[in-house]
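Undergrad: You'll find run-v4.cif just under this line, and it carries mmCIF, C-alpha atoms.
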data_final
loop_
_atom_site.label_atom_id
_atom_site.label_comp_id
_atom_site.auth_asym_id
_atom_site.auth_seq_id
_atom_site.Cartn_x
_atom_site.Cartn_y
_atom_site.Cartn_z
CA MET M 1 10.83 -38.75 29.84
CA VAL M 2 10.71 -38.85 33.65
CA GLU M 3 13.56 -40.56 35.37
CA PRO M 4 12.68 -42.59 38.52
CA PRO M 5 13.69 -41.05 41.87
CA ALA M 6 17.28 -41.75 42.83
CA TYR M 7 16.57 -43.57 46.09
CA ALA M 8 15.12 -46.88 47.21
CA PRO M 9 11.54 -46.88 48.42
CA THR M 10 10.80 -47.31 52.14
CA PRO M 11 10.59 -51.02 53.10
CA ASP M 12 7.25 -52.11 54.44
CA ALA M 13 6.56 -55.16 56.79
CA ARG M 14 3.35 -56.01 55.02
CA ALA M 15 5.16 -57.01 51.89
CA PRO M 16 2.38 -58.58 49.79
CA ALA M 17 -0.25 -56.02 50.88
CA ALA M 18 2.32 -53.15 50.54
CA GLY M 19 2.86 -53.95 46.86
CA ARG M 20 -0.81 -53.45 46.09
CA VAL M 21 -1.04 -50.49 48.46
CA GLY M 22 2.14 -49.04 46.95
CA ALA M 23 0.80 -49.23 43.42
CA GLU M 24 -2.53 -47.93 44.64
CA VAL M 25 -0.82 -44.98 46.25
CA MET M 26 1.11 -44.19 43.09
CA VAL M 27 -1.99 -44.47 40.95
CA THR M 28 -4.04 -42.35 43.34
CA GLU M 29 -1.39 -39.62 43.43
CA VAL M 30 -0.02 -39.59 39.89
CA VAL M 31 -2.97 -40.41 37.65
CA PRO M 32 -4.97 -37.29 38.60
CA VAL M 33 -2.04 -35.18 37.40
CA TRP M 34 -2.20 -36.85 34.00
CA ALA M 35 -5.95 -36.57 33.99
CA ARG M 36 -5.61 -32.81 34.41
CA GLN M 37 -3.02 -32.67 31.65
CA MET M 38 -5.26 -34.66 29.31
CA GLU M 39 -8.13 -32.38 30.25
CA ALA M 40 -5.99 -29.33 29.52
CA THR M 41 -4.97 -30.89 26.21
CA ARG M 42 -8.60 -31.44 25.30
CA ASP M 43 -9.33 -27.80 26.16
CA VAL M 44 -6.44 -26.69 23.99
CA VAL M 45 -7.81 -28.73 21.09
CA SER M 46 -11.29 -27.36 21.58
CA SER M 47 -10.26 -23.72 21.89
CA GLY M 48 -7.72 -24.06 19.11
CA LEU M 49 -10.32 -25.44 16.72
CA GLN M 50 -12.79 -22.75 17.74
CA GLU M 51 -10.24 -19.98 17.19
CA LEU M 52 -9.34 -21.46 13.83
CA LEU M 53 -12.99 -21.53 12.85
CA ASP M 54 -13.36 -17.92 13.99
CA SER M 55 -10.29 -16.96 11.97
CA PHE M 56 -11.65 -18.59 8.85
CA SER M 57 -15.03 -17.05 9.45
CA ARG M 58 -13.51 -13.59 9.64
CA THR M 59 -11.37 -14.36 6.62
CA SER M 60 -14.48 -15.41 4.76
CA GLY M 61 -16.12 -12.12 5.79
CA CYS M 62 -13.15 -10.21 4.45
CA LEU M 63 -13.36 -12.06 1.15
CA GLU M 64 -17.07 -11.25 0.90
CA ASP M 65 -16.32 -7.58 1.54
CA LEU M 66 -13.66 -7.77 -1.13
CA GLY M 67 -16.14 -9.26 -3.57
CA ARG M 68 -18.73 -6.59 -2.85
CA THR M 69 -16.17 -3.84 -3.27
CA LEU M 70 -15.07 -5.26 -6.60
CA ASP M 71 -18.69 -5.55 -7.74
CA SER M 72 -19.46 -1.95 -6.83
CA LEU M 73 -16.33 -0.65 -8.48
CA GLN M 74 -17.76 0.88 -11.65
CA VAL M 75 -15.14 3.35 -12.65
CA GLY M 76 -11.49 2.51 -12.80
CA ALA M 77 -8.44 3.65 -14.62
CA GLU M 78 -9.52 2.08 -17.89
CA PRO M 79 -9.88 4.48 -20.87
CA GLY M 80 -13.51 3.50 -21.27
CA ALA M 81 -14.24 4.61 -17.71
CA ILE M 82 -12.79 8.07 -18.34
CA ASP M 83 -14.90 8.44 -21.52
CA GLN M 84 -17.92 7.40 -19.51
CA ALA M 85 -17.20 10.03 -16.87
CA LEU M 86 -16.70 12.69 -19.52
CA ARG M 87 -20.03 11.83 -21.19
CA ARG M 88 -21.78 11.91 -17.83
CA GLU M 89 -20.32 15.33 -17.01
CA SER M 90 -20.64 16.76 -20.54
CA GLY M 91 -22.87 19.60 -19.26
CA ALA M 92 -20.15 20.84 -16.93
CA LEU M 93 -17.55 20.55 -19.65
CA ASP M 94 -19.73 22.47 -22.12
CA ALA M 95 -20.06 25.25 -19.53
CA LEU M 96 -16.29 25.22 -19.25
CA THR M 97 -15.84 25.80 -22.96
CA GLU M 98 -18.81 28.18 -23.36
CA ALA M 99 -16.92 31.19 -22.01
CA SER M 100 -13.94 30.57 -24.23
CA ARG M 101 -16.24 29.90 -27.19
CA ARG M 102 -17.84 33.29 -26.65
CA ALA M 103 -14.41 34.85 -26.38
CA PHE M 104 -13.41 33.33 -29.69
CA GLU M 105 -16.61 34.56 -31.35
CA GLU M 106 -15.97 38.05 -30.09
CA ARG M 107 -12.44 37.84 -31.28
CA ASP M 108 -13.61 36.72 -34.73
CA THR M 109 -16.04 39.61 -34.84
CA MET M 110 -13.24 41.97 -33.91
CA LEU M 111 -11.00 40.50 -36.56
CA ALA M 112 -13.70 40.97 -39.20
CA GLU M 113 -14.14 44.55 -38.15
CA LEU M 114 -10.42 45.07 -38.22
CA GLY M 115 -10.38 43.64 -41.72
CA ARG M 116 -12.96 46.13 -42.78
CA CYS M 117 -10.88 48.84 -41.12
CA VAL M 118 -7.88 47.75 -43.07
CA ASP M 119 -9.89 47.95 -46.29
CA ALA M 120 -11.11 51.39 -45.35
CA ILE M 121 -7.61 52.51 -44.57
CA GLY M 122 -6.53 51.26 -47.97
CA GLU M 123 -9.25 53.27 -49.58
CA LEU M 124 -8.14 56.27 -47.55
CA GLU M 125 -4.63 55.84 -48.81
CA ARG M 126 -5.91 55.79 -52.38
CA LEU M 127 -7.92 58.92 -51.79
CA ALA M 128 -5.03 60.58 -50.11
CA LYS M 129 -2.85 59.75 -53.13
CA GLN M 130 -5.52 61.12 -55.38
CA THR M 131 -5.66 64.31 -53.34
CA ARG M 132 -1.90 64.64 -53.58
CA GLU M 133 -2.08 64.37 -57.34
CA ILE M 134 -4.81 66.96 -57.42
CA GLY M 135 -2.69 69.21 -55.32
CA ARG M 136 0.25 68.80 -57.67
CA SER M 137 -1.95 69.54 -60.64
CA THR M 138 -3.42 72.58 -58.90
CA ARG M 139 0.03 73.94 -58.22
CA LEU M 140 0.99 73.39 -61.82
CA VAL M 141 -2.13 75.21 -63.01
CA ALA M 142 -1.54 78.02 -60.63
CA PHE M 143 1.99 78.33 -61.88
CA ASN M 144 0.73 78.47 -65.46
CA ALA M 145 -1.83 81.05 -64.40
CA SER M 146 0.90 83.20 -62.98
CA ILE M 147 2.86 82.94 -66.16
CA GLU M 148 -0.21 83.87 -68.17
CA ALA M 149 -0.96 86.77 -65.91
CA ASN M 150 2.51 88.10 -66.30
CA ARG M 151 2.19 87.78 -70.04
CA GLN M 152 -0.89 90.00 -70.00
CA GLN M 153 0.62 93.20 -68.83
CA GLY M 154 -1.86 96.06 -68.82
CA GLY M 155 -4.73 94.21 -67.08
CA ARG M 156 -6.71 92.98 -70.12
CA ALA M 157 -7.98 89.38 -69.57
CA ASP M 158 -7.92 87.02 -72.45
CA SER M 159 -9.19 83.48 -73.16
CA GLY M 160 -6.07 81.88 -71.75
CA SER M 161 -6.62 83.27 -68.31
CA LEU M 162 -10.24 82.29 -68.42
CA ALA M 163 -9.34 78.71 -69.26
CA VAL M 164 -6.89 78.59 -66.38
CA ALA M 165 -9.41 79.94 -63.98
CA SER M 166 -11.99 77.41 -65.16
CA GLU M 167 -9.51 74.64 -64.74
CA LEU M 168 -8.70 75.81 -61.25
CA ARG M 169 -12.36 75.83 -60.31
CA ALA M 170 -12.82 72.27 -61.59
CA LEU M 171 -9.82 71.15 -59.64
CA ALA M 172 -11.09 72.76 -56.53
CA GLY M 173 -14.40 70.99 -56.98
CA ARG M 174 -12.69 67.66 -57.30
CA MET M 175 -10.66 68.31 -54.21
CA ALA M 176 -13.83 69.14 -52.32
CA GLU M 177 -15.46 65.92 -53.47
CA THR M 178 -12.41 63.94 -52.47
CA GLY M 179 -12.45 65.58 -49.13
CA GLU M 180 -16.07 64.57 -48.65
CA GLN M 181 -15.34 61.03 -49.58
CA ILE M 182 -12.46 60.91 -47.14
CA GLU M 183 -14.74 62.18 -44.45
CA GLN M 184 -17.30 59.51 -45.22
CA VAL M 185 -14.66 56.82 -45.06
CA VAL M 186 -13.36 58.13 -41.78
CA ALA M 187 -16.89 58.21 -40.42
CA ARG M 188 -17.35 54.60 -41.53
CA LEU M 189 -14.06 53.66 -39.93
CA LEU M 190 -15.01 55.26 -36.66
CA GLY M 191 -18.36 53.56 -36.77
CA SER M 192 -16.65 50.17 -37.26
CA ILE M 193 -14.35 50.69 -34.31
CA SER M 194 -16.87 52.23 -31.91
CA GLY M 195 -19.54 49.55 -32.61
CA PRO M 196 -17.55 46.62 -31.15
CA ARG M 197 -16.34 48.83 -28.33
CA ARG M 198 -19.93 49.63 -27.36
CA GLY M 199 -20.68 45.92 -27.68
CA PHE M 200 -17.82 44.99 -25.34
CA GLU M 201 -18.89 47.57 -22.84
CA ALA M 202 -22.45 46.31 -22.98
CA ALA M 203 -21.38 42.65 -22.54
CA ASP M 204 -19.04 43.62 -19.73
CA THR M 205 -16.52 40.95 -20.69
CA SER M 206 -13.09 42.30 -19.93
CA MET M 207 -10.16 39.88 -20.23
CA GLN M 208 -9.88 39.62 -16.49
CA GLU M 209 -13.56 38.83 -16.12
CA LEU M 210 -13.33 36.28 -18.91
CA ARG M 211 -10.45 34.59 -17.16
CA MET M 212 -12.42 34.49 -13.93
CA GLU M 213 -15.41 33.00 -15.69
CA ILE M 214 -13.25 30.32 -17.34
CA ASP M 215 -11.61 29.57 -14.00
CA LEU M 216 -14.98 29.09 -12.31
CA CYS M 217 -16.24 26.83 -15.08
CA ALA M 218 -13.00 24.82 -15.01
CA ARG M 219 -13.38 24.26 -11.29
CA ALA M 220 -16.97 23.18 -11.67
CA ALA M 221 -16.02 20.76 -14.47
CA LEU M 222 -13.11 19.30 -12.53
CA GLY M 223 -15.25 19.00 -9.43
CA ALA M 224 -17.88 17.09 -11.38
CA LEU M 225 -15.25 14.80 -12.94
CA LEU M 226 -13.61 14.13 -9.61
CA GLY M 227 -17.00 13.39 -8.13
CA SER M 228 -17.51 10.73 -10.78
CA LEU M 229 -14.08 9.28 -10.24
CA GLY M 230 -14.36 9.66 -6.48
CA LYS M 231 -16.37 6.49 -6.31
CA SER M 232 -13.48 4.51 -7.73
CA LEU M 233 -11.03 6.25 -5.41
CA SER M 234 -13.08 5.29 -2.36
CA GLY M 235 -13.41 1.81 -3.76
CA ASN M 236 -9.62 1.54 -3.95
CA GLN M 237 -9.37 2.65 -0.32
CA SER M 238 -11.95 0.05 0.63
CA LEU M 239 -9.92 -2.58 -1.22
CA ARG M 240 -6.81 -1.59 0.66
CA ASP M 241 -8.60 -1.74 4.00
CA THR M 242 -10.09 -5.14 3.23
CA SER M 243 -6.73 -6.44 2.06
CA ARG M 244 -5.09 -5.30 5.29
CA GLU M 245 -7.80 -6.94 7.37
CA LEU M 246 -7.41 -10.13 5.35
CA GLY M 247 -3.69 -10.14 6.03
CA LYS M 248 -4.32 -9.76 9.76
CA GLN M 249 -6.84 -12.61 9.81
CA LEU M 250 -4.49 -14.91 7.91
CA GLU M 251 -1.72 -14.15 10.37
CA THR M 252 -4.09 -14.98 13.24
CA ALA M 253 -4.94 -18.24 11.50
CA PHE M 254 -1.23 -19.07 11.24
CA VAL M 255 -0.89 -18.57 14.99
CA ASN M 256 -3.96 -20.67 15.72
CA PHE M 257 -2.66 -23.53 13.56
CA GLN M 258 0.19 -23.92 16.03
CA PHE M 259 -2.13 -25.41 18.66
CA GLY M 260 -1.82 -28.75 16.90
CA ASP M 261 1.89 -28.84 17.59
CA ARG M 262 1.31 -28.06 21.25
CA VAL M 263 -1.28 -30.82 21.55
CA SER M 264 1.02 -33.32 19.91
CA GLN M 265 3.86 -32.38 22.21
CA MET M 266 1.73 -32.60 25.36
CA LEU M 267 0.31 -35.99 24.40
CA THR M 268 3.78 -37.33 23.64
CA ILE M 269 5.04 -36.18 26.99
CA VAL M 270 2.11 -37.74 28.86
CA ARG M 271 2.52 -41.02 26.95
CA ASN M 272 6.22 -41.18 27.80
CA ASP M 273 5.50 -40.37 31.44
CA MET M 274 2.93 -43.17 31.58
CA VAL M 275 5.43 -45.66 30.19
CA SER M 276 7.99 -44.51 32.71
CA PHE M 277 5.42 -44.67 35.51
CA ALA M 278 4.34 -48.21 34.66
CA ARG M 279 7.95 -49.38 34.57
CA TRP M 280 8.80 -47.71 37.86
CA VAL M 281 5.77 -49.09 39.69
CA ALA M 282 6.62 -52.58 38.42
CA GLU M 283 10.16 -52.20 39.71
CA ASN M 284 9.09 -50.67 43.05
CA PRO M 285 6.08 -52.54 44.42
CA ARG M 286 6.63 -51.31 47.99
CA CYS M 287 6.50 -47.58 47.33
CA THR M 288 4.82 -45.28 49.81
CA GLN M 289 3.16 -41.87 49.93
CA THR M 290 6.57 -40.29 50.26
CA ASP M 291 7.75 -42.05 47.10
CA ALA M 292 4.67 -40.79 45.26
CA ALA M 293 5.41 -37.21 46.30
CA ALA M 294 9.04 -37.56 45.25
CA TRP M 295 8.02 -39.08 41.93
CA LEU M 296 5.64 -36.21 41.26
CA ALA M 297 8.33 -33.70 42.17
CA ALA M 298 10.69 -35.34 39.70
CA LEU M 299 7.93 -35.31 37.12
CA GLU M 300 7.39 -31.59 37.65
CA ALA M 301 11.10 -30.91 37.37
CA SER M 302 11.12 -32.56 33.96
CA TYR M 303 8.51 -30.19 32.54
CA THR M 304 9.60 -27.89 29.70
CA MET M 305 6.41 -25.89 29.32
CA GLU M 306 4.71 -23.50 31.72
CA GLU M 307 1.43 -25.05 30.76
CA GLN M 308 2.52 -28.40 32.20
CA ARG M 309 3.47 -26.79 35.50
CA SER M 310 0.12 -24.99 35.73
CA THR M 311 -1.98 -28.12 35.12
CA HIS M 312 0.24 -30.20 37.40
CA HIS M 313 -1.10 -28.22 40.33
CA GLY M 314 -4.59 -27.79 38.93
CA ASN M 315 -4.09 -24.11 38.10
CA VAL M 316 -5.54 -22.38 35.08
CA HIS M 317 -2.87 -21.69 32.51
CA VAL M 318 -2.80 -18.25 30.93
CA ASN M 319 -1.10 -18.15 27.55
CA ASN M 320 1.44 -15.37 27.26
CA SER M 321 2.03 -13.79 23.90
CA ALA M 322 5.12 -14.97 22.07
CA SER M 323 8.32 -13.29 23.08
CA VAL M 324 11.45 -12.69 21.06
CA GLU M 325 14.70 -12.41 22.93
CA PHE M 326 17.93 -11.54 21.14
CA PHE M 327 21.28 -12.59 22.55
CA MET T 1 19.35 -13.35 -5.11
CA SER T 2 17.03 -14.54 -2.31
CA LYS T 3 18.39 -15.82 0.99
CA THR T 4 17.98 -19.37 2.29
CA VAL T 5 16.76 -20.35 5.74
CA MET T 6 16.94 -23.89 7.13
CA ILE T 7 13.92 -24.91 9.26
CA VAL T 8 14.61 -27.68 11.77
CA ASP T 9 11.52 -29.03 13.58
CA ASP T 10 10.07 -32.51 14.10
CA SER T 11 6.53 -31.13 13.56
CA GLY T 12 5.53 -31.09 9.90
CA SER T 13 2.74 -28.57 10.45
CA PHE T 14 5.11 -26.27 12.27
CA ARG T 15 7.67 -26.43 9.49
CA THR T 16 4.86 -25.54 7.09
CA VAL T 17 3.80 -22.51 9.13
CA VAL T 18 7.39 -21.23 9.33
CA LYS T 19 8.02 -21.98 5.64
CA LEU T 20 4.91 -20.07 4.53
CA ALA T 21 5.81 -17.07 6.68
CA LEU T 22 9.35 -16.91 5.34
CA GLN T 23 8.55 -17.63 1.70
CA LYS T 24 5.93 -14.87 1.80
CA SER T 25 8.76 -12.52 2.75
CA GLY T 26 10.96 -13.67 -0.11
CA TYR T 27 13.14 -16.28 1.59
CA GLU T 28 13.88 -19.72 0.22
CA THR T 29 13.67 -22.57 2.73
CA VAL T 30 15.23 -25.97 3.41
CA GLU T 31 13.56 -28.33 5.91
CA ALA T 32 14.96 -30.89 8.32
CA VAL T 33 12.91 -33.14 10.63
CA ASP T 34 15.40 -33.17 13.50
CA GLY T 35 18.96 -32.30 14.41
CA GLN T 36 20.40 -35.41 12.76
CA ASP T 37 18.58 -34.72 9.51
CA ALA T 38 19.80 -31.10 9.66
CA VAL T 39 23.42 -32.28 9.98
CA THR T 40 23.13 -34.37 6.81
CA LYS T 41 21.83 -31.30 4.99
CA LEU T 42 24.92 -29.24 5.91
CA ASP T 43 26.35 -30.46 2.64
CA GLY T 44 27.93 -27.29 1.36
CA ARG T 45 24.70 -25.60 0.35
CA LYS T 46 24.42 -21.89 0.98
CA LEU T 47 22.51 -21.04 4.13
CA ASN T 48 21.90 -17.60 5.55
CA LEU T 49 20.12 -18.52 8.80
CA ILE T 50 18.73 -21.50 10.72
CA VAL T 51 15.44 -21.65 12.65
CA CYS T 52 15.57 -24.58 15.04
CA ASP T 53 13.26 -26.24 17.57
CA VAL T 54 14.71 -27.46 20.85
CA ASN T 55 12.86 -30.66 21.72
CA MET T 56 13.37 -33.12 18.88
CA PRO T 57 14.12 -36.83 18.63
CA ASN T 58 17.49 -38.25 17.46
CA MET T 59 19.29 -34.94 18.04
CA ASP T 60 17.74 -32.05 19.95
CA GLY T 61 18.17 -28.43 18.96
CA LEU T 62 20.89 -27.49 21.43
CA SER T 63 22.99 -30.51 20.48
CA PHE T 64 22.63 -29.60 16.82
CA LEU T 65 23.64 -26.02 17.63
CA ARG T 66 26.77 -27.18 19.41
CA HIS T 67 27.63 -29.43 16.46
CA LEU T 68 27.08 -26.52 14.07
CA LYS T 69 29.68 -24.45 15.88
CA THR T 70 32.28 -27.11 15.21
CA THR T 71 31.79 -27.04 11.43
CA GLY T 72 34.05 -24.87 9.39
CA SER T 73 31.71 -23.32 6.89
CA TYR T 74 28.51 -23.10 8.97
CA LYS T 75 30.09 -21.96 12.19
CA PHE T 76 28.92 -18.37 11.88
CA ILE T 77 25.44 -18.99 10.54
CA PRO T 78 22.98 -17.23 12.90
CA VAL T 79 20.54 -19.58 14.64
CA ILE T 80 17.14 -18.66 16.05
CA MET T 81 15.69 -21.15 18.55
CA LEU T 82 11.92 -21.46 18.08
CA THR T 83 10.50 -23.51 20.94
CA THR T 84 7.87 -23.99 23.63
CA GLU T 85 10.66 -23.87 26.21
CA SER T 86 10.56 -20.69 28.24
CA GLN T 87 12.70 -21.49 31.28
CA GLU T 88 15.54 -19.06 31.85
CA ALA T 89 17.95 -21.91 32.43
CA LYS T 90 17.17 -23.32 29.00
CA LYS T 91 17.54 -19.91 27.37
CA ALA T 92 20.91 -19.47 29.06
CA GLU T 93 21.92 -22.87 27.72
CA GLY T 94 20.91 -21.80 24.24
CA LYS T 95 22.80 -18.54 24.51
CA ALA T 96 25.90 -20.37 25.69
CA ALA T 97 25.63 -22.79 22.78
CA GLY T 98 25.65 -19.90 20.35
CA ALA T 99 22.01 -19.10 19.60
CA ARG T 100 21.34 -15.52 18.46
CA ALA T 101 17.67 -15.35 19.44
CA TRP T 102 15.02 -17.27 21.36
CA ILE T 103 11.36 -17.21 20.29
CA THR T 104 8.71 -19.00 22.35
CA LYS T 105 5.77 -20.72 20.69
CA PRO T 106 3.07 -19.93 19.70
CA PHE T 107 4.61 -17.11 17.70
CA GLN T 108 3.39 -14.41 15.36
CA PRO T 109 4.74 -14.96 11.84
CA SER T 110 5.57 -11.26 11.62
CA GLN T 111 7.74 -11.54 14.77
CA LEU T 112 9.69 -14.40 13.26
CA VAL T 113 10.14 -12.59 9.95
CA ASP T 114 11.35 -9.46 11.77
CA ALA T 115 13.90 -11.52 13.70
CA VAL T 116 15.08 -13.29 10.53
CA ASN T 117 15.38 -9.96 8.69
CA LYS T 118 17.43 -8.61 11.56
CA LEU T 119 19.85 -11.53 11.86
CA CYS T 120 20.10 -12.91 8.33
CA VAL T 121 23.58 -12.58 6.85
#
Do you think you could lay out the structure here as structure tokens?
TA:
Amino acid sequence: MVEPPAYAPTPDARAPAAGRVGAEVMVTEVVPVWARQMEATRDVVSSGLQELLDSFSRTSGCLEDLGRTLDSLQVGAEPGAIDQALRRESGALDALTEASRRAFEERDTMLAELGRCVDAIGELERLAKQTREIGRSTRLVAFNASIEANRQQGGRADSGSLAVASELRALAGRMAETGEQIEQVVARLLGSISGPRRGFEAADTSMQELRMEIDLCARAALGALLGSLGKSLSGNQSLRDTSRELGKQLETAFVNFQFGDRVSQMLTIVRNDMVSFARWVAENPRCTQTDAAAWLAALEASYTMEEQRSTHHGNVHVNNSASVEFF
Amino acid sequence: MSKTVMIVDDSGSFRTVVKLALQKSGYETVEAVDGQDAVTKLDGRKLNLIVCDVNMPNMDGLSFLRHLKTTGSYKFIPVIMLTTESQEAKKAEGKAAGARAWITKPFQPSQLVDAVNKLCV
């Protein structure tokens, strides 16, 4: 509230006319100042409301963006979404497993061949055992033949020697047959081993190449999966951006709401000044131009806001951004 | 446990703005409509900081601040003055009375929260 100047107004000879003139002078000098302050207050209200409306409009836009982003968000972290992506990219995944499937088939083929090899080797062992027995028998016969030969001193052959010789011949024949069979088995064994080898060479699928093929297919499958999920990832980024923008707009709205407090304060100050003015004029009917100037100076000195000082002189007030000063 | 900030301002809408900004950052709040009301609420409750306007009826902010410094238990509570006043003379008066910070209105809620975070005991 403005305090009246601390001096007595200048006496004037035209006492009755001076009272009216004095009040007229005060009104003419002081009221325009309040008129400017009321005008400034009205401008503050108008711009404050407009900025608030703009803030809410932008906030509404952010919420619409948010809604659209949520609507377009098809794939998320839900298990159903992952299954959906896998079904959509099943071709790429099948290609990923194709190389390893082929590798397993080739391995199974090899294992079957190896099994046959093992069987053949078993047969070989049996034949070898048989051959050993034949050998033992042959040695035994030969030994008996020697004994018989020694018994027949003088060179005459008898039936015993003949029987031994016949037996030896039969044994030799059996050994020859066994040998043939062994050769056949070996040939079969070699055929079993060389067949898959030729097949591998023809298919050109070394382990290193197989690994490279699997790696390529894995990359393609992952790329396809990520592409499907990429939509949800970009949606999340869009959500974050919209959320940040929303936060900024709400903060702006909070700032703009403060205009109401400023308006209330300015109106209160002007009301109090008017009350003080009316009282002072009533108490000082003979005031002059000098009193008016002094009263206005006192009024200006009572101001607490830069805005009041600006409008007092009819200047345009420029709002500075809030400052924080620590002591 | 969350910290408590007292908001002293004769403007209801302003108290609401400050309250929303602080509660969003995890602070609990207590409101007072002027300095006199704030004094009655210094009733032994735990306070970590006070945000106070300057121009208020019944008891203005600087008078309340001076009174606060005479109390035993609330003497060292940090006080942030939040006001339209920007004159250096007024700021010096606030500093002499014991204020820890001076924020001029209109303010950004994030600026206030940063100041509260910095000074809150």
Undergrad: For this file, the PyMOL selection byres ((chain M) within 8 of (chain T)) selects which residues, as an NGL selection string?
TA: :M and (251-252 or 254-255 or 257-261 or 304-306 or 321-327)
Undergrad: The PyMOL selection byres ((chain M and resi 131) around 12) - which residues does that actually catch in the file I just gave you? List them as a PyMOL selection string.
TA: chain M and resi 124-130+132-138+171-182
Undergrad: As an exercise, work out the distance from CA of Thr41 in chain M to CA of Val263 in chain M in Å and give it to one decimal place.
TA: 5.9 Å
Undergrad: Could you list, as a list in words, every residue matched by the PyMOL selection byres ((chain T and resi 2) around 6) in this structure?
TA: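 Applied to this file, the PyMOL selection byres ((chain T and resi 2) around 6) selects Met1, Lys3 and Tyr27 of chain T.
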Undergrad: Rank M:Met38, M:Cys217, M:Ala187, M:Leu63 by their smallest atom-to-atom distance to Leu239 in chain M, using all atoms listed in the file, and report the top residue only.
TA: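 Closest residue, counting all atoms listed in the file: M:Leu63.
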